[in-house]
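Trainee: What follows is query_8.tsv, made up of TSV, C-alpha atoms:
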```tsv
chain	number	residue	atom	x	y	z
A	18	MET	CA	308.25	-93.09	-15.56
A	19	THR	CA	307.24	-92.17	-12.01
A	20	ALA	CA	307.64	-94.59	-9.10
A	21	LEU	CA	303.93	-95.13	-8.36
A	22	LYS	CA	302.54	-95.14	-11.91
A	23	GLY	CA	299.46	-97.36	-11.97
A	24	LEU	CA	298.61	-96.99	-8.26
A	25	LYS	CA	294.97	-95.85	-7.99
A	26	ILE	CA	293.93	-93.86	-4.95
A	27	LEU	CA	290.46	-92.72	-3.94
A	28	ASP	CA	290.73	-89.76	-1.57
A	29	ALA	CA	287.81	-88.61	0.58
A	30	SER	CA	289.96	-86.65	3.02
A	31	GLN	CA	290.06	-82.88	3.43
A	32	ILE	CA	291.88	-79.92	5.01
A	33	MET	CA	295.52	-81.00	5.56
A	34	ALA	CA	296.70	-84.41	6.86
A	35	GLY	CA	294.93	-86.60	4.29
A	36	PRO	CA	295.35	-84.24	1.33
A	37	TYR	CA	299.06	-83.84	2.14
A	38	CYS	CA	299.44	-87.64	2.13
A	39	THR	CA	297.69	-88.04	-1.21
A	40	MET	CA	299.58	-85.10	-2.73
A	41	VAL	CA	302.89	-86.76	-1.91
A	42	LEU	CA	301.65	-90.01	-3.46
A	43	ALA	CA	300.38	-88.10	-6.51
A	44	ASP	CA	303.77	-86.38	-6.93
A	45	LEU	CA	305.27	-89.89	-6.99
A	46	GLY	CA	302.97	-90.86	-9.84
A	47	ALA	CA	299.85	-92.29	-8.19
A	48	GLU	CA	296.49	-91.56	-9.84
A	49	VAL	CA	294.48	-89.72	-7.18
A	50	THR	CA	290.73	-89.14	-7.53
A	51	LYS	CA	289.50	-86.72	-4.90
A	52	ILE	CA	285.89	-87.22	-3.78
A	53	GLU	CA	284.41	-83.90	-2.64
A	54	LYS	CA	281.08	-83.18	-0.98
A	55	ALA	CA	278.51	-81.18	-2.93
A	56	ASN	CA	278.12	-78.36	-0.39
A	57	GLY	CA	281.44	-76.65	-0.95
A	58	GLY	CA	283.84	-79.57	-1.32
A	59	ASP	CA	287.03	-79.83	0.70
A	60	ASP	CA	286.75	-77.30	3.56
A	61	SER	CA	290.12	-75.85	2.63
A	62	ARG	CA	288.42	-74.38	-0.46
A	63	GLN	CA	286.90	-71.89	2.01
A	64	MET	CA	290.30	-70.88	3.35
A	65	GLY	CA	292.05	-67.79	2.01
A	66	PRO	CA	293.93	-66.09	0.64
A	67	TYR	CA	292.06	-66.16	-2.67
A	68	VAL	CA	293.12	-65.31	-6.20
A	69	ASN	CA	290.23	-64.75	-8.62
A	70	GLY	CA	287.95	-66.45	-6.10
A	71	GLU	CA	290.04	-69.63	-5.86
A	72	SER	CA	291.60	-70.72	-2.58
A	73	THR	CA	295.39	-70.76	-2.69
A	74	SER	CA	295.38	-72.89	0.48
A	75	PHE	CA	293.56	-75.62	-1.44
A	76	PHE	CA	295.85	-75.02	-4.43
A	77	GLN	CA	299.04	-75.69	-2.44
A	78	ILE	CA	298.05	-79.13	-1.18
A	79	ASN	CA	295.93	-80.72	-3.92
A	80	ARG	CA	298.02	-80.67	-7.09
A	81	ASN	CA	298.18	-83.69	-9.42
A	82	LYS	CA	294.65	-84.80	-8.44
A	83	GLN	CA	291.25	-85.14	-10.09
A	84	SER	CA	288.13	-83.70	-8.43
A	85	VAL	CA	284.82	-85.57	-8.46
A	86	VAL	CA	281.85	-84.10	-6.56
A	87	LEU	CA	279.64	-86.89	-5.24
A	88	ASN	CA	276.78	-86.99	-2.74
A	89	LEU	CA	277.53	-90.05	-0.60
A	90	LYS	CA	274.32	-89.62	1.41
A	91	GLU	CA	272.25	-90.72	-1.59
A	92	ASP	CA	272.15	-94.34	-2.74
A	93	GLU	CA	272.95	-93.49	-6.35
A	94	GLY	CA	275.98	-91.52	-5.24
A	95	LYS	CA	277.07	-94.39	-3.05
A	96	GLU	CA	276.77	-96.87	-5.92
A	97	ILE	CA	279.06	-94.75	-8.07
A	98	PHE	CA	281.48	-94.56	-5.16
A	99	TYR	CA	281.37	-98.35	-4.73
A	100	ASP	CA	282.22	-98.82	-8.41
A	101	LEU	CA	285.23	-96.53	-7.96
A	102	VAL	CA	286.31	-98.51	-4.89
A	103	LYS	CA	286.30	-101.74	-6.88
A	104	GLU	CA	288.91	-100.27	-9.24
A	105	SER	CA	291.09	-98.63	-6.55
A	106	ASP	CA	294.16	-99.82	-4.67
A	107	VAL	CA	293.89	-97.33	-1.80
A	108	PHE	CA	291.14	-95.36	-0.06
A	109	VAL	CA	292.04	-92.45	2.25
A	110	GLU	CA	289.56	-90.78	4.63
A	111	ASN	CA	289.72	-88.54	7.68
A	112	TYR	CA	286.16	-88.57	8.98
A	113	ARG	CA	285.60	-88.71	12.72
A	114	PRO	CA	285.43	-92.43	13.71
A	115	GLY	CA	281.90	-93.74	13.30
A	116	VAL	CA	280.90	-91.46	10.42
A	117	THR	CA	282.04	-93.85	7.68
A	118	LYS	CA	279.90	-96.60	9.21
A	119	LYS	CA	276.83	-94.35	9.00
A	120	LEU	CA	277.64	-93.51	5.38
A	121	GLY	CA	278.22	-97.14	4.48
A	122	ILE	CA	281.82	-96.55	3.40
A	123	ASP	CA	283.61	-98.13	6.39
A	124	TYR	CA	286.40	-100.69	6.00
A	125	GLU	CA	284.23	-103.73	6.71
A	126	THR	CA	281.82	-102.67	3.93
A	127	LEU	CA	284.43	-101.72	1.35
A	128	LYS	CA	286.63	-104.78	1.79
A	129	THR	CA	283.72	-106.99	0.71
A	130	LEU	CA	283.75	-105.06	-2.57
A	131	ASN	CA	287.53	-105.07	-2.92
A	132	PRO	CA	289.44	-107.50	-0.63
A	133	GLY	CA	292.75	-106.04	-1.81
A	134	LEU	CA	291.82	-102.48	-0.80
A	135	ILE	CA	294.22	-100.57	1.44
A	136	TYR	CA	291.93	-98.47	3.60
A	137	CYS	CA	293.71	-95.61	5.38
A	138	SER	CA	291.89	-93.77	8.16
A	139	ILE	CA	293.46	-90.60	9.56
A	140	SER	CA	291.86	-89.23	12.72
A	141	GLY	CA	292.69	-87.26	15.82
A	142	TYR	CA	293.05	-90.21	18.20
A	143	GLY	CA	292.75	-93.35	16.06
A	144	GLN	CA	289.93	-95.83	15.56
A	145	THR	CA	290.17	-97.39	19.03
A	146	GLY	CA	290.86	-96.23	22.58
A	147	PRO	CA	288.98	-94.03	25.04
A	148	TYR	CA	289.43	-90.84	22.97
A	149	SER	CA	288.62	-92.33	19.55
A	150	LYS	CA	285.24	-90.59	19.20
A	151	LYS	CA	286.68	-87.14	19.93
A	152	GLY	CA	287.54	-84.72	17.16
A	153	GLY	CA	291.24	-84.03	16.90
A	154	PHE	CA	293.13	-81.03	15.57
A	155	ASP	CA	296.79	-80.19	15.16
A	156	LEU	CA	296.91	-77.71	18.06
A	157	VAL	CA	295.13	-80.14	20.40
A	158	ALA	CA	297.69	-82.80	19.46
A	159	GLN	CA	300.55	-80.37	20.15
A	160	GLY	CA	299.19	-79.78	23.63
A	161	MET	CA	298.41	-83.40	24.43
A	162	THR	CA	301.73	-84.91	23.36
A	163	GLY	CA	303.85	-82.49	25.36
A	164	ILE	CA	305.56	-80.63	22.53
A	165	MET	CA	304.11	-77.28	23.65
A	166	SER	CA	305.66	-77.74	27.08
A	167	MET	CA	309.05	-78.01	25.38
A	168	THR	CA	308.62	-75.16	22.90
A	169	GLY	CA	309.44	-71.57	23.77
A	170	GLU	CA	311.40	-70.13	26.69
A	171	PRO	CA	311.58	-71.57	30.21
A	172	GLY	CA	308.92	-70.21	32.54
A	173	ARG	CA	306.97	-68.50	29.77
A	174	ARG	CA	303.60	-69.28	28.15
A	175	PRO	CA	303.61	-72.60	26.20
A	176	LEU	CA	304.10	-72.05	22.47
A	177	LYS	CA	302.90	-73.97	19.45
A	178	THR	CA	305.24	-74.76	16.59
A	179	GLY	CA	305.30	-72.36	13.66
A	180	ILE	CA	303.56	-74.81	11.28
A	181	ALA	CA	300.89	-77.52	11.61
A	182	VAL	CA	303.53	-80.11	12.44
A	183	TYR	CA	301.11	-82.84	13.56
A	184	ASP	CA	298.84	-82.53	10.53
A	185	ILE	CA	301.82	-82.81	8.20
A	186	GLY	CA	303.36	-85.51	10.40
A	187	ALA	CA	300.18	-87.59	10.28
A	188	GLY	CA	300.07	-87.15	6.50
A	189	LEU	CA	303.65	-88.36	6.14
A	190	THR	CA	303.01	-91.26	8.53
A	191	ALA	CA	300.01	-92.24	6.43
A	192	THR	CA	302.13	-92.01	3.27
A	193	TYR	CA	304.82	-94.46	4.34
A	194	SER	CA	302.24	-96.74	5.98
A	195	ILE	CA	300.22	-96.93	2.75
A	196	LEU	CA	303.40	-97.75	0.81
A	197	ALA	CA	304.27	-100.52	3.30
A	198	ALA	CA	300.73	-101.92	2.99
A	199	TYR	CA	301.03	-101.72	-0.81
A	200	ILE	CA	304.24	-103.75	-0.76
A	201	HIS	CA	302.44	-106.32	1.40
A	202	LYS	CA	299.56	-106.36	-1.09
A	203	GLN	CA	301.95	-106.95	-3.98
A	204	LYS	CA	303.36	-109.97	-2.15
A	205	THR	CA	300.09	-111.46	-0.91
A	206	GLY	CA	297.18	-109.79	-2.69
A	207	GLU	CA	295.79	-108.79	0.71
A	208	GLY	CA	294.52	-105.36	1.59
A	209	GLN	CA	294.26	-104.03	5.13
A	210	LEU	CA	293.13	-101.21	7.40
A	211	VAL	CA	295.78	-98.56	8.14
A	212	ASP	CA	294.87	-96.59	11.28
A	213	VAL	CA	296.78	-93.29	11.70
A	214	SER	CA	296.20	-90.74	14.47
A	215	LEU	CA	297.51	-87.19	14.83
A	216	VAL	CA	298.40	-87.59	18.50
A	217	GLU	CA	300.44	-90.76	17.88
A	218	ALA	CA	302.15	-89.80	14.63
A	219	GLY	CA	304.47	-87.32	16.33
A	220	LEU	CA	305.10	-89.15	19.60
A	221	PRO	CA	307.99	-91.28	18.24
A	222	TRP	CA	309.82	-88.07	17.30
A	223	PHE	CA	310.66	-87.44	20.97
A	224	THR	CA	313.93	-89.38	20.84
A	225	TRP	CA	316.25	-87.50	23.24
A	226	GLU	CA	313.29	-86.70	25.48
A	227	SER	CA	312.19	-90.32	25.80
A	228	ALA	CA	315.81	-91.40	26.32
A	229	ALA	CA	316.08	-89.13	29.37
A	230	TYR	CA	312.61	-89.87	30.71
A	231	PHE	CA	312.82	-93.66	30.46
A	232	ALA	CA	316.36	-93.64	31.86
A	233	ASN	CA	315.97	-91.41	34.90
A	234	GLY	CA	312.52	-89.84	34.87
A	235	THR	CA	313.63	-86.45	33.54
A	236	ILE	CA	310.65	-84.45	32.27
A	237	PRO	CA	311.77	-82.23	29.37
A	238	GLU	CA	311.15	-78.52	29.69
A	239	ALA	CA	311.32	-75.62	27.26
A	240	THR	CA	314.86	-74.87	26.12
A	241	GLY	CA	314.19	-71.83	23.96
A	242	TRP	CA	316.89	-71.38	21.33
A	243	ARG	CA	319.19	-74.06	22.77
A	244	HIS	CA	319.43	-77.78	22.10
A	245	ARG	CA	318.29	-80.16	24.81
A	246	VAL	CA	321.45	-82.28	24.86
A	247	SER	CA	324.26	-80.71	22.83
A	248	ALA	CA	326.19	-77.43	23.28
A	249	PRO	CA	326.96	-75.17	21.62
A	250	TYR	CA	324.11	-76.07	19.27
A	251	GLN	CA	321.76	-73.11	19.16
A	252	ALA	CA	320.99	-69.60	18.00
A	253	PHE	CA	323.58	-66.90	18.74
A	254	ARG	CA	323.32	-63.13	18.54
A	255	THR	CA	325.64	-61.30	16.12
A	256	ARG	CA	326.05	-57.58	15.50
A	257	ASP	CA	323.09	-57.45	13.10
A	258	GLY	CA	320.89	-60.41	14.01
A	259	TYR	CA	321.10	-64.10	14.87
A	260	ILE	CA	322.68	-67.20	13.33
A	261	MET	CA	322.56	-70.92	14.11
A	262	ILE	CA	325.78	-72.70	15.02
A	263	GLY	CA	325.87	-76.46	15.43
A	264	ALA	CA	329.12	-77.53	17.08
A	265	ALA	CA	327.40	-80.70	18.26
A	266	ASN	CA	330.44	-82.97	18.54
A	267	GLN	CA	334.00	-82.69	19.84
A	268	ARG	CA	335.55	-82.24	16.41
A	269	THR	CA	333.37	-79.30	15.39
A	270	TRP	CA	333.68	-77.79	18.87
A	271	GLU	CA	337.45	-77.73	18.53
A	272	LYS	CA	337.20	-76.22	15.03
A	273	LEU	CA	334.86	-73.55	16.40
A	274	CYS	CA	337.34	-72.69	19.17
A	275	LYS	CA	340.46	-72.64	17.02
A	276	GLU	CA	339.34	-71.36	13.63
A	277	VAL	CA	336.16	-69.37	14.19
A	278	MET	CA	336.33	-67.93	17.71
A	279	GLU	CA	340.17	-68.00	17.80
A	280	ARG	CA	340.03	-69.11	21.40
A	281	PRO	CA	341.96	-72.44	21.44
A	282	GLU	CA	342.27	-72.22	25.23
A	283	TRP	CA	338.55	-73.06	25.56
A	284	ILE	CA	339.31	-76.62	24.47
A	285	GLU	CA	341.24	-77.28	27.69
A	286	GLU	CA	338.87	-75.30	29.90
A	287	GLU	CA	337.49	-77.73	32.51
A	288	ARG	CA	333.94	-76.38	32.20
A	289	PHE	CA	333.92	-77.00	28.42
A	290	LYS	CA	335.95	-80.21	28.01
A	291	THR	CA	333.08	-82.55	27.09
A	292	ASN	CA	329.69	-82.04	25.55
A	293	SER	CA	328.10	-82.69	28.96
A	294	ASP	CA	330.36	-80.08	30.53
A	295	ARG	CA	329.44	-77.57	27.87
A	296	HIS	CA	325.75	-78.30	28.25
A	297	ASP	CA	325.95	-77.91	32.04
A	298	ASN	CA	327.65	-74.53	31.60
A	299	VAL	CA	325.75	-73.39	28.50
A	300	GLU	CA	324.83	-69.94	29.86
A	301	LEU	CA	328.47	-69.05	30.51
A	302	LEU	CA	329.53	-70.54	27.16
A	303	GLU	CA	326.80	-68.63	25.32
A	304	SER	CA	327.84	-65.31	26.89
A	305	LEU	CA	331.50	-65.85	25.96
A	306	ILE	CA	330.66	-66.76	22.36
A	307	GLU	CA	328.21	-63.87	21.89
A	308	GLU	CA	330.73	-61.41	23.32
A	309	ILE	CA	332.83	-62.19	20.26
A	310	LEU	CA	330.05	-62.70	17.69
A	311	THR	CA	328.43	-59.33	18.40
A	312	GLU	CA	331.58	-57.60	17.14
A	313	LYS	CA	330.76	-58.44	13.50
A	314	ASN	CA	327.77	-59.08	11.22
A	315	SER	CA	326.14	-62.47	10.58
A	316	SER	CA	327.54	-62.77	7.05
A	317	TYR	CA	331.12	-62.54	8.37
A	318	TRP	CA	330.61	-65.35	10.88
A	319	LEU	CA	328.70	-67.58	8.45
A	320	GLU	CA	331.53	-67.33	5.93
A	321	LYS	CA	334.08	-68.07	8.63
A	322	CYS	CA	332.12	-71.09	9.84
A	323	ASP	CA	331.78	-72.38	6.27
A	324	ASN	CA	335.51	-72.02	5.66
A	325	SER	CA	336.25	-73.86	8.91
A	326	GLY	CA	333.78	-76.70	8.36
A	327	VAL	CA	331.60	-75.72	11.32
A	328	PRO	CA	327.89	-76.24	10.54
A	329	ALA	CA	326.11	-72.88	10.64
A	330	GLY	CA	323.32	-71.07	8.88
A	331	PRO	CA	321.15	-67.97	8.83
A	332	ILE	CA	317.81	-67.61	10.58
A	333	ASN	CA	315.68	-66.66	7.60
A	334	ASN	CA	312.15	-65.42	7.45
A	335	PHE	CA	309.96	-67.33	4.99
A	336	GLU	CA	310.56	-64.93	2.11
A	337	GLN	CA	314.31	-65.16	2.56
A	338	ALA	CA	314.08	-68.96	2.67
A	339	LEU	CA	312.12	-69.14	-0.58
A	340	GLN	CA	314.64	-66.85	-2.28
A	341	ASP	CA	317.65	-68.85	-1.15
A	342	PRO	CA	319.71	-69.80	-4.25
A	343	HIS	CA	320.18	-73.34	-2.96
A	344	TYR	CA	316.43	-74.05	-2.95
A	345	ILE	CA	316.07	-72.46	-6.36
A	346	ALA	CA	318.94	-74.52	-7.79
A	347	ARG	CA	317.34	-77.69	-6.36
A	348	ASP	CA	314.01	-76.86	-8.08
A	349	MET	CA	312.17	-76.53	-4.77
A	350	ILE	CA	310.15	-73.56	-6.02
A	351	GLN	CA	308.04	-74.49	-9.05
A	352	GLU	CA	305.37	-72.69	-11.02
A	353	VAL	CA	302.18	-74.19	-12.41
A	354	GLN	CA	299.41	-72.75	-14.57
A	355	HIS	CA	295.93	-72.86	-12.99
A	356	PRO	CA	292.85	-72.22	-15.18
A	357	ILE	CA	291.43	-69.60	-12.78
A	358	ILE	CA	294.32	-68.46	-10.59
A	359	GLY	CA	296.79	-68.20	-13.45
A	360	ASN	CA	300.50	-68.74	-12.86
A	361	MET	CA	301.11	-69.69	-9.23
A	362	LYS	CA	304.23	-70.90	-7.45
A	363	THR	CA	304.30	-73.95	-5.22
A	364	ILE	CA	306.82	-75.83	-3.09
A	365	GLY	CA	308.27	-78.67	-5.16
A	366	PRO	CA	308.83	-82.31	-4.14
A	367	PRO	CA	311.76	-82.61	-1.72
A	368	VAL	CA	313.22	-85.94	-2.92
A	369	LYS	CA	315.31	-86.23	-6.07
A	370	PHE	CA	315.07	-89.66	-7.75
A	371	SER	CA	317.61	-90.65	-10.40
A	372	ALA	CA	315.26	-93.00	-12.28
A	373	THR	CA	311.69	-92.14	-11.22
A	374	PRO	CA	311.50	-88.39	-10.58
A	375	SER	CA	308.52	-86.83	-8.85
A	376	GLU	CA	306.50	-84.43	-11.00
A	377	VAL	CA	304.25	-81.43	-10.52
A	378	LYS	CA	302.15	-82.19	-13.60
A	379	THR	CA	298.83	-80.49	-12.98
A	380	PRO	CA	297.51	-77.77	-10.64
A	381	ALA	CA	294.95	-78.44	-7.95
A	382	PRO	CA	291.61	-79.17	-9.64
A	383	THR	CA	288.73	-76.76	-9.71
A	384	PHE	CA	285.61	-77.91	-7.85
A	385	GLY	CA	284.21	-80.97	-9.66
A	386	GLN	CA	286.53	-80.44	-12.63
A	387	HIS	CA	286.80	-84.13	-13.50
A	388	THR	CA	283.35	-85.41	-12.49
A	389	ASP	CA	282.07	-85.90	-16.03
A	390	ASP	CA	285.34	-87.37	-17.33
A	391	VAL	CA	285.55	-89.92	-14.54
A	392	LEU	CA	281.90	-90.97	-14.91
A	393	LYS	CA	282.32	-91.31	-18.68
A	394	SER	CA	285.35	-93.53	-18.12
A	395	MET	CA	283.10	-95.72	-15.96
A	396	GLY	CA	280.73	-96.19	-18.88
A	397	LEU	CA	277.99	-93.70	-17.97
A	398	SER	CA	276.31	-91.95	-20.89
A	399	LYS	CA	275.85	-88.22	-21.29
A	400	GLU	CA	272.17	-88.69	-20.46
A	401	ASN	CA	272.98	-90.66	-17.28
A	402	ILE	CA	275.36	-87.93	-16.15
A	403	SER	CA	272.84	-85.16	-16.83
A	404	GLU	CA	270.19	-87.04	-14.86
A	405	LEU	CA	272.55	-87.50	-11.89
A	406	ARG	CA	273.40	-83.81	-12.03
A	407	GLU	CA	269.74	-82.81	-11.97
A	408	LYS	CA	269.13	-85.05	-8.94
A	409	GLY	CA	272.02	-83.47	-7.02
A	410	ILE	CA	273.96	-86.75	-6.91
A	411	ILE	CA	276.96	-85.20	-8.65
A	412	MET	CA	278.24	-81.74	-9.44
A	413	SER	CA	280.50	-80.93	-12.34
A	414	GLU	CA	282.71	-77.97	-13.16
A	415	GLU	CA	280.19	-76.88	-15.80
A	416	GLN	CA	277.38	-76.79	-13.21
A	417	GLN	CA	279.56	-74.87	-10.76
A	418	ASN	CA	280.38	-72.29	-13.42
A	419	VAL	CA	276.67	-71.75	-14.11
A	420	LYS	CA	276.05	-71.14	-10.39
A	421	THR	CA	278.94	-68.71	-10.23
A	422	ASP	CA	277.75	-66.77	-13.28
A	423	ASN	CA	274.25	-66.46	-11.82
```
Written as structure tokens, how would this file's structure read?
Mentor:
Amino acid sequence: MTALKGLKILDASQIMAGPYCTMVLADLGAEVTKIEKANGGDDSRQMGPYVNGESTSFFQINRNKQSVVLNLKEDEGKEIFYDLVKESDVFVENYRPGVTKKLGIDYETLKTLNPGLIYCSISGYGQTGPYSKKGGFDLVAQGMTGIMSMTGEPGRRPLKTGIAVYDIGAGLTATYSILAAYIHKQKTGEGQLVDVSLVEAGLPWFTWESAAYFANGTIPEATGWRHRVSAPYQAFRTRDGYIMIGAANQRTWEKLCKEVMERPEWIEEERFKTNSDRHDNVELLESLIEEILTEKNSSYWLEKCDNSGVPAGPINNFEQALQDPHYIARDMIQEVQHPIIGNMKTIGPPVKFSATPSEVKTPAPTFGQHTDDVLKSMGLSKENISELREKGIIMSEEQQNVKTDN
């Protein structure tokens, strides 16, 4: 049995933050019904690369879900949606604030239908505040929160992170917030509004930076390949590339000096005695370490660090990371059969439960794949469904296939 078996989620979000949240919940066993708009569905369906005409971007973030295409601008579509809300525990949306009110699917409306509903809104800036009406995107959030001023090399152009860290961060924040609200609901029967914003989700991650700023007003700057507080804790050049070494405390520093670098005299060197001393003299320390490391290849030093108990690792490209035997052994790369794409690999769930394991059960749904099944489960007849299809209230997989063939 999965941990969230029986939890029913209605998901009207798209692109990344919301779908990532609901994918995590689906992996944990929640039943997720994805509501997609008739004119193309989730916008990530229009993002390549494509295999046999299907978006692999959509594929990677929407597994374990059902797809229902529903026109929420029409009253009949809205009524179907309302019936689904009555049977759901959670609703997730990422419209710009104000849009749900116009559609008649805002929290105040839906809680009258289902007082126990957990209504999660994910937006750029949240539902309140002077910026609430603005559209928000991951890159804008990276700029606004200061992370781009800390990323890259000192004095150079600000750099974004390599992935959409705020989209994913907002999705994860929404995930644990929904679970907290669900625990509250189990205790009290009460639902509530969960308001998540991209620009706030990542702000609490600035732990060392806020410690320095609130203590003495230090404004963090870009530190490139080095850590902001600890040294040596950074990337180092070897003869054939770079490796990461994390001698972040006194014990590992001394192991690095004695067993890896074979320079025990560094331990008593006044400029390197404490972590603060090493950080203050990091450029000198880095040059001394690299003078030795560049004599041999990365593999030699990584083995030596491992044997000495000094945390170290390679700097992989993405292909090398996915081929790492550790990830493979931990079932982090899984394969699922998609009806159009065929066999396709995906990143597996990162948490291993002893009693309630996460599962990649089904691939991302095709557009409207489950519309008819869901409506039938609600008691609608074949004739009712056909009539709704003709009116443009719904769209099913069968209808989409006819359009594609034509």
Trainee: Could you work out how far atom CA of Leu87 of chain A lies from atom CA of Asn401 of chain A, giving the answer in Å with one decimal?
Mentor: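 Pair atom CA of Asn401 of chain A / atom CA of Leu87 of chain A returns 14.3 Å.
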Trainee: Set out as a tab-separated table a contact list for segment 176-269 of chain A and segment 322-327 of chain A with a cut-off of 8 Å, giving each residue of segment 176-269 of chain A that qualifies its closest atom pair and distance in Å to one decimal, counting only C-alpha atoms, ordered by chain and rising residue number.
Mentor:
```
residue	atom	partner	partner_atom	distance
A:Ile262	CA	A:Val327	CA	7.5
A:Gly263	CA	A:Val327	CA	7.1
A:Ala264	CA	A:Val327	CA	6.5
A:Thr269	CA	A:Val327	CA	5.7
```
Trainee: Using only C-alpha atoms, can you tell me which of A:Ser413, A:Arg295, A:Lys399, A:Leu24 comes closest to Gln203 of chain A?
Mentor: A:Leu24
Trainee: What's the separation between atom CA of Ala248 of chain A and atom CA of Glu300 of chain A, in Å to one decimal place?
Mentor: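 Atom CA of Ala248 of chain A sits 10.1 Å away from atom CA of Glu300 of chain A.
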Trainee: Pick out the closest residue to Asp390 of chain A from this set: A:Gln337, A:Ser247, A:Thr373, A:Gln83. Count all atoms listed in the file.
Mentor: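 Selected residue with least distance to Asp390 of chain A: A:Gln83.
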